[in-house]
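Visitor: Take this structure first; my questions come after.
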Amino acid sequence: MATKVLRRRELTVWEKLYVPQIYCGLKITTAHFVRNLFLHTAHRVGLLKHLRASVTFQYPEEPRPFAFRFRSRHRLTVRDDGTPRCVGCMLCETVCPAKCITIVAGEHPDPNVEKYPVRFDIDLGICVYCGYCVEACPEDAIRMDTGIVDVAASSRDEMKLDIHELMNPALRKPIAECSLKFPHQCRLAEGQLRGSWDGSTDEG
Amino acid sequence: MEDLIVKLTLVGVMFFGVLNLAALHTWLERKQSAIIQDRIGANRADILGWRLMGLFHPLADAIKMFTKEDLVPAGADKALHTLAPFFSVFFALAAFAAIPFGDRVLIGDRVIELQIAKIDVGLLYIFAMLSLGVYGVILAGFASRSNYALLGGLRATAQMISYEIALGIAIIGVVLVYGTMDLQEVVRGQGKLLGGWIPLWGIVVQPVAFFVFLTAALAETKRTPFDLPEGEPEIIGYFVEYSGMKFGMFYLTDFLETILVACLATTLFFGGWQVPYLQADGFHFPWGSMLPVSQWAYVILGVASFSTKVLIFCVLFMQLRWTLPRFRYDQLMRLGWLGLFPISVVNVLVTASALALFSS
């Protein structure tokens, strides 16, 4: 294998004097300093807002714009009648490399739909945000476009999302009441089936 | 008794200014580096929702330092380990006693020099204090009973002693020109005008000494680009085994020494409290006109001039710190012994011969 010897360039006398080179370095840092200080000051009085004085995003106050393809927390898309678009085909659960999806399918009254999820859980504690579930879904029933990135919890249980939170991304734990009408395994009813297809919320 | 009150007031004024400036240095360091690097910098600490551009962070830092656990490593010499940071801070603070921050004030028939201690060999005193500060460093390394700290201490000591020589010899030029070691007199000597226009500041008569002094003094304060005794991120320094406020005191020493060097550079090379063309009775402009100034205005202008120059130097040191990368140890020693030392010696020789030739 041929080797290539890289020789470090000898410094010229001008560079060996240090002082002019230090001056050049100071010129760069001072230029940044003066420009940014000027812009910070201008922002204080409401001028030149379109020029950024720093590359920092002040995160909680100033959310960073996400890329179009950015994968954030999951959500289940909803039909017009408020039921999930999911048909319980288990493709996402099968493809999931982290095995964080748990689906229990139930029979849908509409024979064209056949199935729907009685239970749909995603454990964000083990989810790797690969987006395969979204790719696999034939019904466009699961998406990762909520823009939620601040998923945090103080226990593993709290990292588990159930169908309530997945269908309504605005919900945050602890969930106070259940607004789903169709039969589903409800966390609020200690995992019992709750709801019916005719609109009442009776158990059964 | 009155003398005591006067002295205590002077000490109070000096300490108030210097310690607050040292605390502000933490803020300045963060903010300036952030703005240089297109960042924002610490701005989260607030009191009742007021953030004031992160000005409360030094306060929060102090609270944190004081309430942190103070750990002494097992097997370390507890007394020396505790003493080392106090040594550092004490000598750094004591050196400020010889810095004149204003001209004399007349109250009644009492003449007060705005200088804590009027020492005839003030310059030597400051150098003595700087050298004694090395003890804090080497004690910290020695008493920690850690090889990293010991090596860090040795590195720091070698660096400080090497650069002290260049520092001392660079100063000799200034001493030769002004013919005194009393800093107040050095400043008075800089009040003259060269050709009626240019103030006879140290930078004008001793430009080479100024650059040597600045470089050696930066090395003396162990700030970047000479911060390899500390080298927080990778080469571990002499204060690895320190925590809480003892660690904070080493940092405080750093900032104090930076301010001290800024004060010295101002005093020796930038006219101290001199304002160009200002004399005790008013401005004497070179084109012949004169603007009378009252005694108190004169004193205040002097102190303001001194403070402004010191602040400019502090900002310049910060700017240098965030511009230059760190030296390697052999480069550091080569610069000290083969660069600065010969230059300063030649400078002394040239100055001495020039003085011998022209002043007689």
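Within each chain, counting starts at residue 1; across the structure tokens, chains are named A, B, ... in the order shown, with ligands numbered 1 upward in that order.
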Please find the residues of chain A near chain B - the criterion being any atom within 8 Å, counting only C-alpha atoms - and write them as a list in words.

Guide: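 Listing them in order of chain and number gives Ile22, Gly25, Leu26, Thr29, Thr30, His32, Phe33, Asn36, Leu37, Ala53, Ser54, Val55 and Thr56 of chain A.
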
Visitor: Using the chain letters and numbers from this document, which residues of region 18-259 of chain B does DSSP assign to helix (DSSP H, G or I), as a VMD selection string?

Guide: chain B and resid 18 to 36 52 to 54 57 to 67 78 to 98 122 to 143 147 to 178 183 to 189 202 to 205 207 to 220 244 to 259

Visitor: What lies within 8 Å of Tyr135 (chain B) using only C-alpha atoms, ignoring chain neighbours under 3 positions off, as a ChimeraX atom specification?

Guide: /B:84,87-88,131-132,138-139

Visitor: With N, CA and C atoms retained, export the selected residues as a PDB file, in the first residue's frame.

Guide:
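The new file again29.pdb reads:
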```pdb
ATOM      1  N   ALA B  84      -4.410  25.713  51.050  1.00  0.00           N
ATOM      2  CA  ALA B  84      -3.948  26.083  49.706  1.00  0.00           C
ATOM      3  C   ALA B  84      -4.831  27.121  49.014  1.00  0.00           C
ATOM      4  N   PHE B  87      -4.366  30.512  50.585  1.00  0.00           N
ATOM      5  CA  PHE B  87      -3.092  31.105  50.156  1.00  0.00           C
ATOM      6  C   PHE B  87      -3.289  31.827  48.825  1.00  0.00           C
ATOM      7  N   SER B  88      -3.857  31.095  47.880  1.00  0.00           N
ATOM      8  CA  SER B  88      -4.022  31.634  46.528  1.00  0.00           C
ATOM      9  C   SER B  88      -4.784  32.946  46.567  1.00  0.00           C
ATOM     10  N   SER B 131       4.591  35.833  43.276  1.00  0.00           N
ATOM     11  CA  SER B 131       5.417  34.641  43.456  1.00  0.00           C
ATOM     12  C   SER B 131       4.898  33.798  44.608  1.00  0.00           C
ATOM     13  N   LEU B 132       4.468  34.451  45.683  1.00  0.00           N
ATOM     14  CA  LEU B 132       3.941  33.696  46.810  1.00  0.00           C
ATOM     15  C   LEU B 132       2.674  32.944  46.427  1.00  0.00           C
ATOM     16  N   ILE B 138       1.183  25.022  44.374  1.00  0.00           N
ATOM     17  CA  ILE B 138       1.973  23.807  44.601  1.00  0.00           C
ATOM     18  C   ILE B 138       1.471  23.073  45.837  1.00  0.00           C
ATOM     19  N   LEU B 139       0.973  23.826  46.822  1.00  0.00           N
ATOM     20  CA  LEU B 139       0.381  23.170  47.996  1.00  0.00           C
ATOM     21  C   LEU B 139      -0.852  22.384  47.603  1.00  0.00           C
TER      22      LEU B 139
END
```

Visitor: Excluding Asp198 (chain A) and its own-chain neighbours fewer than 6 positions away, which residues fall within 12 Å of it when counting only C-alpha atoms? Please give them as a list of chain:residue names.

Guide: A:Asp81, A:Pro109, A:Lys181, A:Phe182, A:Pro183, A:Gly204

Visitor: So that I have them on file, write out the residues from the current selection with C-alpha atoms, as a PDB file, in the first residue's frame.

Guide:
```
ATOM      1  CA  ASP A  81     -67.490   9.221  13.181  1.00  0.00           C
ATOM      2  CA  PRO A 109     -69.989  -3.989  12.892  1.00  0.00           C
ATOM      3  CA  LYS A 181     -67.731   5.789  22.401  1.00  0.00           C
ATOM      4  CA  PHE A 182     -66.821   2.518  20.648  1.00  0.00           C
ATOM      5  CA  PRO A 183     -65.943  -0.581  22.717  1.00  0.00           C
ATOM      6  CA  GLY A 204     -70.006  -4.854  27.447  1.00  0.00           C
TER       7      GLY A 204
END
```

Visitor: Please identify all polymer residues within 12 Å of Ser146 (chain B), counting only C-alpha atoms, omitting same-chain residues fewer than 2 positions from it, and present them as a PyMOL selection string.

Guide: chain B and resi 72-77+81+139-144+148-153+236-242
